[in-house]
file structure.tsv (TSV, C-alpha atoms)
chain	number	residue	atom	x	y	z
A	50	MET	CA	-11.06	22.63	15.25
A	51	GLN	CA	-9.17	25.74	14.28
A	52	GLN	CA	-5.44	25.38	14.84
A	53	SER	CA	-3.63	28.24	16.51
A	54	PHE	CA	-0.13	29.23	15.49
A	55	PRO	CA	2.84	29.98	17.76
A	56	ILE	CA	3.45	33.69	18.32
A	57	PRO	CA	7.09	34.67	17.60
A	58	LEU	CA	8.98	35.54	20.77
A	59	SER	CA	10.25	38.69	19.10
A	60	LEU	CA	6.78	40.19	19.57
A	61	ILE	CA	7.06	39.86	23.33
A	62	ARG	CA	9.65	42.61	23.54
A	63	LEU	CA	8.15	44.77	20.80
A	64	ARG	CA	6.41	46.98	23.34
A	65	THR	CA	9.72	47.76	25.08
A	66	ALA	CA	11.35	48.71	21.79
A	67	LEU	CA	8.47	51.00	20.84
A	68	ILE	CA	8.53	52.77	24.22
A	69	MET	CA	12.28	53.40	23.93
A	70	LEU	CA	11.83	54.71	20.39
A	71	ALA	CA	9.03	57.06	21.50
A	72	LEU	CA	11.18	58.40	24.31
A	73	THR	CA	14.06	59.12	21.96
A	74	VAL	CA	11.78	60.92	19.49
A	75	ALA	CA	10.04	62.95	22.20
A	76	LEU	CA	13.33	64.08	23.74
A	77	PRO	CA	15.81	64.29	20.86
A	78	GLY	CA	18.15	66.44	22.87
A	79	SER	CA	18.01	64.33	25.97
A	80	ILE	CA	20.26	61.43	25.08
A	81	MET	CA	21.23	61.06	28.72
A	82	ALA	CA	17.58	60.62	29.80
A	83	ALA	CA	17.01	57.92	27.19
A	84	SER	CA	20.24	56.21	28.16
A	85	LEU	CA	19.39	56.27	31.85
A	86	TRP	CA	15.93	54.81	31.13
A	87	ALA	CA	17.45	52.07	28.98
A	88	ASP	CA	20.06	51.25	31.63
A	89	LYS	CA	17.40	51.00	34.33
A	90	THR	CA	15.29	48.66	32.19
A	91	GLU	CA	18.29	46.44	31.53
A	92	GLU	CA	19.09	46.25	35.26
A	93	GLU	CA	15.60	45.45	36.49
A	94	PRO	CA	14.24	41.88	36.42
A	95	TYR	CA	11.67	41.13	33.74
A	96	ILE	CA	9.54	38.10	32.83
A	97	SER	CA	8.55	36.83	29.39
A	98	PRO	CA	6.58	33.61	30.10
A	99	THR	CA	6.19	31.10	27.28
A	100	LEU	CA	5.00	27.57	26.53
A	101	VAL	CA	7.65	25.06	25.42
A	102	TYR	CA	6.47	21.75	23.98
A	103	THR	CA	7.24	19.08	21.40
A	104	ASN	CA	4.87	19.01	18.45
A	105	SER	CA	3.54	15.94	16.64
A	106	GLU	CA	6.59	15.94	14.36
A	107	GLY	CA	9.02	15.82	17.27
A	108	VAL	CA	10.07	19.45	16.91
A	109	THR	CA	10.38	21.66	20.01
A	110	GLU	CA	8.27	24.82	19.77
A	111	GLU	CA	8.04	27.90	21.99
A	112	ALA	CA	4.85	29.93	21.88
A	113	LEU	CA	2.27	31.92	23.81
A	114	THR	CA	-0.75	29.80	22.81
A	115	TYR	CA	-1.51	26.19	21.96
A	116	SER	CA	-4.58	24.41	20.58
A	117	GLY	CA	-4.59	20.65	20.14
A	118	ASN	CA	-5.18	17.24	21.62
A	119	ALA	CA	-4.68	15.62	25.00
A	120	PRO	CA	-2.61	14.45	26.63
A	121	PHE	CA	-0.50	17.59	26.21
A	122	THR	CA	2.70	18.03	28.19
A	123	VAL	CA	4.21	21.49	28.29
A	124	THR	CA	7.00	23.30	30.12
A	125	LEU	CA	6.02	26.70	31.46
A	126	LYS	CA	9.11	28.92	31.24
A	127	ALA	CA	9.43	32.22	33.08
A	128	ASN	CA	12.28	33.51	30.90
A	129	ALA	CA	13.23	35.87	33.70
A	130	THR	CA	16.08	38.24	32.82
A	131	HIS	CA	18.40	40.55	34.79
A	132	THR	CA	17.79	38.65	38.04
A	133	GLN	CA	21.37	38.60	39.31
A	134	GLY	CA	21.50	40.06	42.81
A	135	TRP	CA	17.73	39.82	43.23
A	136	THR	CA	15.81	37.28	45.33
A	137	SER	CA	13.17	35.71	43.09
A	138	HIS	CA	9.77	34.20	43.87
A	139	PHE	CA	7.62	32.60	41.19
A	140	GLU	CA	4.01	31.46	41.29
A	141	TRP	CA	2.29	29.91	38.28
A	142	ARG	CA	-1.50	30.05	38.36
A	143	ILE	CA	-3.43	27.83	35.94
A	144	MET	CA	-7.13	28.57	35.63
A	145	LYS	CA	-9.92	27.00	33.63
A	146	ASP	CA	-11.63	29.43	31.30
A	147	GLY	CA	-14.22	31.42	33.25
A	148	ASP	CA	-12.83	30.54	36.69
A	149	ASP	CA	-11.27	33.05	39.08
A	150	THR	CA	-9.54	30.45	41.25
A	151	PRO	CA	-6.54	28.44	39.98
A	152	PHE	CA	-6.85	24.67	40.03
A	153	ILE	CA	-3.08	24.24	39.71
A	154	VAL	CA	-0.43	26.37	41.44
A	155	ARG	CA	3.30	25.81	40.97
A	156	TYR	CA	6.21	27.66	42.57
A	157	GLU	CA	9.14	26.70	40.34
A	158	GLU	CA	10.69	29.16	37.92
A	159	ASP	CA	10.09	26.63	35.13
A	160	THR	CA	7.60	23.81	35.61
A	161	GLU	CA	6.15	20.94	33.57
A	162	VAL	CA	2.41	20.33	33.40
A	163	THR	CA	0.36	17.68	31.56
A	164	PHE	CA	-3.16	18.61	30.45
A	165	THR	CA	-5.54	15.66	30.12
A	166	ASN	CA	-8.97	17.33	30.25
A	167	ALA	CA	-10.70	19.09	27.38
A	168	GLY	CA	-11.26	22.83	27.73
A	169	SER	CA	-9.47	26.17	27.62
A	170	TYR	CA	-6.94	27.31	30.21
A	171	ASN	CA	-5.37	30.66	31.08
A	172	ILE	CA	-1.91	30.65	32.67
A	173	TYR	CA	-0.51	33.53	34.70
A	174	LEU	CA	2.97	33.92	36.16
A	175	TYR	CA	3.12	36.01	39.33
A	176	ALA	CA	6.71	36.98	40.11
A	177	THR	CA	8.38	39.06	42.81
A	178	PHE	CA	12.00	40.22	42.80
A	179	ALA	CA	13.51	41.72	45.96
A	180	GLN	CA	16.82	43.48	46.52
A	181	GLY	CA	17.28	45.23	49.85
A	182	ASN	CA	14.37	47.62	50.25
A	183	ASP	CA	13.51	47.47	46.56
A	184	SER	CA	11.00	45.06	45.06
A	185	ILE	CA	9.49	44.54	41.63
A	186	LYS	CA	6.21	42.67	41.30
A	187	TYR	CA	4.40	41.17	38.36
A	188	ALA	CA	0.96	40.44	39.78
A	189	GLU	CA	-2.68	41.55	39.35
A	190	GLU	CA	-1.80	45.03	38.10
A	191	TYR	CA	0.63	43.64	35.54
A	192	TRP	CA	-1.77	40.97	34.24
A	193	ALA	CA	-4.61	43.48	34.01
A	194	HIS	CA	-2.84	44.84	30.92
A	195	GLU	CA	-1.15	41.68	29.63
A	196	THR	CA	-2.53	38.58	27.89
A	197	PRO	CA	-1.97	35.30	29.75
A	198	LEU	CA	-0.61	32.15	28.15
A	199	ARG	CA	-3.49	30.11	26.75
A	200	ILE	CA	-3.99	26.39	26.11
A	201	THR	CA	-7.05	24.84	24.44
A	202	ILE	CA	-7.54	21.07	24.54
A	203	SER	CA	-10.03	19.61	22.06
A	204	GLU	CA	-12.86	17.19	22.84
A	205	SER	CA	-12.19	13.51	22.26
A	206	LYS	CA	-13.05	11.44	19.20
A	207	LEU	CA	-12.57	7.78	18.23
A	208	VAL	CA	-13.72	6.01	15.06
A	209	MET	CA	-12.74	2.42	14.21
A	210	PRO	CA	-13.13	1.01	10.65
A	211	ASN	CA	-14.95	-2.23	9.78
A	212	ALA	CA	-12.49	-3.57	7.20
A	213	PHE	CA	-8.88	-3.53	6.02
A	214	SER	CA	-6.88	-5.14	3.22
A	215	PRO	CA	-3.35	-6.24	4.24
A	216	ASN	CA	-2.10	-7.08	0.74
A	217	GLY	CA	1.10	-5.04	0.66
A	218	ASP	CA	-0.17	-2.19	-1.52
A	219	ASN	CA	0.39	0.32	1.31
A	220	ILE	CA	-3.30	1.27	1.24
A	221	ASN	CA	-5.31	0.30	4.31
A	222	ASP	CA	-2.81	-2.46	5.16
A	223	ILE	CA	-3.13	-1.91	8.92
A	224	TYR	CA	-6.27	-2.15	11.00
A	225	LYS	CA	-6.18	0.91	13.26
A	226	ALA	CA	-8.24	3.87	14.40
A	227	LYS	CA	-9.66	5.77	11.44
A	228	GLU	CA	-9.98	8.98	13.47
A	229	TYR	CA	-8.94	9.81	17.01
A	230	GLN	CA	-8.07	12.79	19.17
A	231	SER	CA	-7.62	13.69	22.84
A	232	LEU	CA	-7.56	10.10	24.13
A	233	ILE	CA	-5.92	9.59	27.51
A	234	GLU	CA	-6.57	5.82	27.63
A	235	PHE	CA	-6.72	3.31	24.78
A	236	HIS	CA	-6.68	-0.49	24.59
A	237	ALA	CA	-7.72	-2.50	21.53
A	238	TYR	CA	-8.05	-6.27	21.03
A	239	ILE	CA	-8.57	-8.54	18.02
A	240	PHE	CA	-10.31	-11.93	18.41
A	241	ASN	CA	-11.09	-14.72	15.96
A	242	ARG	CA	-14.54	-16.29	15.57
A	243	TRP	CA	-13.84	-18.70	18.44
A	244	GLY	CA	-13.05	-15.88	20.86
A	245	GLN	CA	-9.28	-16.44	20.84
A	246	LYS	CA	-7.32	-13.23	21.34
A	247	LEU	CA	-4.96	-12.69	18.42
A	248	TYR	CA	-3.55	-9.25	19.04
A	249	GLU	CA	-3.77	-6.18	21.27
A	250	TRP	CA	-2.31	-2.67	21.30
A	251	THR	CA	-2.43	0.43	23.48
A	252	ASP	CA	-1.42	3.25	21.13
A	253	PRO	CA	-4.21	4.51	18.83
A	254	ALA	CA	-1.57	5.31	16.21
A	255	ASP	CA	-0.66	1.61	16.01
A	256	GLY	CA	-2.74	-1.32	14.79
A	257	TRP	CA	-2.91	-4.92	13.57
A	258	ASP	CA	-1.23	-6.02	10.33
A	259	GLY	CA	-3.30	-9.20	9.92
A	260	THR	CA	-0.63	-11.61	11.12
A	261	ILE	CA	0.03	-13.88	14.09
A	262	ASP	CA	3.66	-14.57	14.96
A	263	GLY	CA	4.66	-13.16	11.59
A	264	LYS	CA	2.29	-15.41	9.59
A	265	ASP	CA	-0.73	-14.18	7.64
A	266	VAL	CA	-4.13	-15.12	9.03
A	267	LYS	CA	-6.88	-16.23	6.66
A	268	PRO	CA	-9.25	-13.71	5.10
A	269	GLY	CA	-12.57	-13.50	6.87
A	270	VAL	CA	-14.43	-11.82	9.70
A	271	TYR	CA	-12.70	-11.03	12.99
A	272	PHE	CA	-13.89	-9.18	16.07
A	273	CYS	CA	-12.50	-5.94	17.51
A	274	LEU	CA	-12.99	-4.67	21.05
A	275	VAL	CA	-11.77	-1.18	22.01
A	276	LYS	CA	-11.88	0.39	25.43
A	277	ALA	CA	-10.80	4.03	25.58
A	278	LYS	CA	-11.30	7.25	27.52
A	279	GLY	CA	-11.24	10.81	26.23
A	280	SER	CA	-9.87	13.96	27.82
A	281	ASP	CA	-13.46	15.18	28.16
A	282	GLY	CA	-14.36	12.18	30.33
A	283	ARG	CA	-16.15	10.32	27.55
A	284	GLU	CA	-15.70	6.55	27.69
A	285	TYR	CA	-15.59	4.38	24.58
A	286	ASN	CA	-16.56	0.71	24.49
A	287	ILE	CA	-16.48	-0.22	20.81
A	288	ARG	CA	-17.37	-3.73	19.63
A	289	LYS	CA	-17.51	-4.48	15.93
A	290	ASP	CA	-16.82	-7.03	13.23
A	291	VAL	CA	-13.71	-6.52	11.13
A	292	ASN	CA	-13.51	-7.84	7.58
A	293	LEU	CA	-10.01	-8.88	6.57
A	294	LEU	CA	-9.91	-8.66	2.74
A	295	ARG	CA	-6.48	-9.93	1.82
A	296	GLY	CA	-7.17	-10.39	-1.90
A	297	TYR	CA	-8.84	-7.00	-2.24
A	298	THR	CA	-6.95	-4.23	-4.05
A	299	GLU	CA	-7.99	-0.67	-3.28
A	300	THR	CA	-7.81	2.19	-5.73
A	301	THR	CA	-7.51	5.86	-5.00
A	302	ASN	CA	-9.63	8.58	-6.53
A	303	ARG	CA	-7.46	10.41	-9.04
A	304	GLU	CA	-10.01	12.91	-10.36

call {"tool": "encode", "arguments": {"input": "structure.tsv", "output": "structure tokens"}}
result
Amino acid sequence: MQQSFPIPLSLIRLRTALIMLALTVALPGSIMAASLWADKTEEEPYISPTLVYTNSEGVTEEALTYSGNAPFTVTLKANATHTQGWTSHFEWRIMKDGDDTPFIVRYEEDTEVTFTNAGSYNIYLYATFAQGNDSIKYAEEYWAHETPLRITISESKLVMPNAFSPNGDNINDIYKAKEYQSLIEFHAYIFNRWGQKLYEWTDPADGWDGTIDGKDVKPGVYFCLVKAKGSDGREYNIRKDVNLLRGYTETTNRE
């Protein structure tokens, strides 16, 4: 799946800067007009909604789009400015791609949402600022010319290997998922040939190191059972033999 890249926040205000520059060029002798326009813009409330999330490396990112796996937890930030003295009302509308009706509505200025289902989502922030008889609205007319925040959650995948070699060479030492993405539930078990449960884990990034209570088990065939569920609703019920090859040394292709 093609990975999208965060859009720098500096681009959000590029339009404002270009408009101010055009005004100054068009009216070179009207410094007062440009100044008054700039002052008015600075005094009026404005929104610059963004997505704030922690990436797979533990780094906080702020962007306008995201494409990746579920579950995905994100904070929707209004980034409202110049709101002092104004009464604010916020309404986040989250819509599935192609729908006209939101399936999630939130009324906080900043709100946290977790996406667990595969698909693409458009996110709109409707905001109203009132001060006496004055009001400023960011609603249908505003979003008719602006691009909403967008989140794309990939379909699920889960592949378990049939062998591993826990010999300390740091190559295939752990029995774990070979490939996985967008899993919202995961539970794996290892059994011996007599049906005795030896190990279990619930994070697809983890796995079994071929030991019980810190002691190596014998090489041979074991049994793996995995029950999982993807963000797209797909259910996995994987049953397979696992060959533990302790004396086997793997080599890497160095061509």

call {"tool": "closest_atom_pairs", "arguments": {"input": "structure.tsv", "of": "range 174-228 of chain A", "to": "range 149-161 of chain A", "cutoff": "10 Å", "atoms": "only C-alpha atoms", "output": "tab-separated table"}}
result
residue	atom	partner	partner_atom	distance
A:Leu174	CA	A:Glu158	CA	9.2
A:Tyr175	CA	A:Tyr156	CA	9.5
A:Ala176	CA	A:Glu158	CA	9.0

call {"tool": "closest_residue", "arguments": {"input": "structure.tsv", "among": "A:Leu232, A:Ala212, A:Val275, A:Ile200", "to": "Ile143 in chain A", "atoms": "only C-alpha atoms"}}
result
A:Ile200

call {"tool": "closest_residue", "arguments": {"input": "structure.tsv", "among": "A:Pro94, A:Gly296, A:Gly107, A:Gly282", "to": "Lys186 in chain A", "atoms": "only C-alpha atoms"}}
result
A:Pro94

call {"tool": "residues_near_point", "arguments": {"input": "structure.tsv", "point": "(-2.7, 26.0, 22.3)", "cutoff": "12 Å", "atoms": "all atoms listed in the file", "output": "MDAnalysis selection string"}}
result
chainID A and resid 50:56 99:102 104 110:119 121:123 164 167:172 197:203

call {"tool": "write_last_selection", "arguments": {"input": "structure.tsv", "atoms": "C-alpha atoms", "output": "PDB file, in the coordinates of the input"}}
result
ATOM      1  CA  MET A  50     -11.060  22.630  15.250  1.00  0.00           C
ATOM      2  CA  GLN A  51      -9.170  25.740  14.280  1.00  0.00           C
ATOM      3  CA  GLN A  52      -5.440  25.380  14.840  1.00  0.00           C
ATOM      4  CA  SER A  53      -3.630  28.240  16.510  1.00  0.00           C
ATOM      5  CA  PHE A  54      -0.130  29.230  15.490  1.00  0.00           C
ATOM      6  CA  PRO A  55       2.840  29.980  17.760  1.00  0.00           C
ATOM      7  CA  ILE A  56       3.450  33.690  18.320  1.00  0.00           C
ATOM      8  CA  THR A  99       6.190  31.100  27.280  1.00  0.00           C
ATOM      9  CA  LEU A 100       5.000  27.570  26.530  1.00  0.00           C
ATOM     10  CA  VAL A 101       7.650  25.060  25.420  1.00  0.00           C
ATOM     11  CA  TYR A 102       6.470  21.750  23.980  1.00  0.00           C
ATOM     12  CA  ASN A 104       4.870  19.010  18.450  1.00  0.00           C
ATOM     13  CA  GLU A 110       8.270  24.820  19.770  1.00  0.00           C
ATOM     14  CA  GLU A 111       8.040  27.900  21.990  1.00  0.00           C
ATOM     15  CA  ALA A 112       4.850  29.930  21.880  1.00  0.00           C
ATOM     16  CA  LEU A 113       2.270  31.920  23.810  1.00  0.00           C
ATOM     17  CA  THR A 114      -0.750  29.800  22.810  1.00  0.00           C
ATOM     18  CA  TYR A 115      -1.510  26.190  21.960  1.00  0.00           C
ATOM     19  CA  SER A 116      -4.580  24.410  20.580  1.00  0.00           C
ATOM     20  CA  GLY A 117      -4.590  20.650  20.140  1.00  0.00           C
ATOM     21  CA  ASN A 118      -5.180  17.240  21.620  1.00  0.00           C
ATOM     22  CA  ALA A 119      -4.680  15.620  25.000  1.00  0.00           C
ATOM     23  CA  PHE A 121      -0.500  17.590  26.210  1.00  0.00           C
ATOM     24  CA  THR A 122       2.700  18.030  28.190  1.00  0.00           C
ATOM     25  CA  VAL A 123       4.210  21.490  28.290  1.00  0.00           C
ATOM     26  CA  PHE A 164      -3.160  18.610  30.450  1.00  0.00           C
ATOM     27  CA  ALA A 167     -10.700  19.090  27.380  1.00  0.00           C
ATOM     28  CA  GLY A 168     -11.260  22.830  27.730  1.00  0.00           C
ATOM     29  CA  SER A 169      -9.470  26.170  27.620  1.00  0.00           C
ATOM     30  CA  TYR A 170      -6.940  27.310  30.210  1.00  0.00           C
ATOM     31  CA  ASN A 171      -5.370  30.660  31.080  1.00  0.00           C
ATOM     32  CA  ILE A 172      -1.910  30.650  32.670  1.00  0.00           C
ATOM     33  CA  PRO A 197      -1.970  35.300  29.750  1.00  0.00           C
ATOM     34  CA  LEU A 198      -0.610  32.150  28.150  1.00  0.00           C
ATOM     35  CA  ARG A 199      -3.490  30.110  26.750  1.00  0.00           C
ATOM     36  CA  ILE A 200      -3.990  26.390  26.110  1.00  0.00           C
ATOM     37  CA  THR A 201      -7.050  24.840  24.440  1.00  0.00           C
ATOM     38  CA  ILE A 202      -7.540  21.070  24.540  1.00  0.00           C
ATOM     39  CA  SER A 203     -10.030  19.610  22.060  1.00  0.00           C
TER      40      SER A 203
END

call {"tool": "closest_residue", "arguments": {"input": "structure.tsv", "among": "A:Gln245, A:Thr260, A:Asn128, A:Thr196", "to": "Asn216 in chain A", "atoms": "all atoms listed in the file"}}
result
A:Thr260

call {"tool": "residues_around", "arguments": {"input": "structure.tsv", "residues": "Tyr229 in chain A", "least_positions_apart": "6", "cutoff": "12 Å", "atoms": "all atoms listed in the file", "output": "list in words"}}
result
Asn118, Ala119, Ser203, Glu204, Ser205, Lys206, Leu207, Val208, Met209, Pro210, Phe235, Asp252, Pro253, Ala254, Asp255, Ala277, Lys278, Gly279, Ser280 and Tyr285 of chain A

call {"tool": "residues_around", "arguments": {"input": "structure.tsv", "residues": "Asp265 in chain A", "least_positions_apart": "6", "cutoff": "12 Å", "atoms": "only C-alpha atoms", "output": "ChimeraX atom specification"}}
result
/A:214-217,247,257-259,293-295

call {"tool": "atom_distance", "arguments": {"input": "structure.tsv", "atom1": "CA of Gly256 in chain A", "atom2": "CA of Ile287 in chain A"}}
result
15.0 Å

call {"tool": "atom_distance", "arguments": {"input": "structure.tsv", "atom1": "CA of Trp250 in chain A", "atom2": "CA of Asn286 in chain A"}}
result
15.0 Å

call {"tool": "atom_distance", "arguments": {"input": "structure.tsv", "atom1": "CA of Thr165 in chain A", "atom2": "CA of Ile233 in chain A"}}
result
6.6 Å

call {"tool": "closest_residue", "arguments": {"input": "structure.tsv", "among": "A:Ala179, A:Ile223, A:Val291, A:Ala237", "to": "Trp135 in chain A", "atoms": "only C-alpha atoms"}}
result
A:Ala179
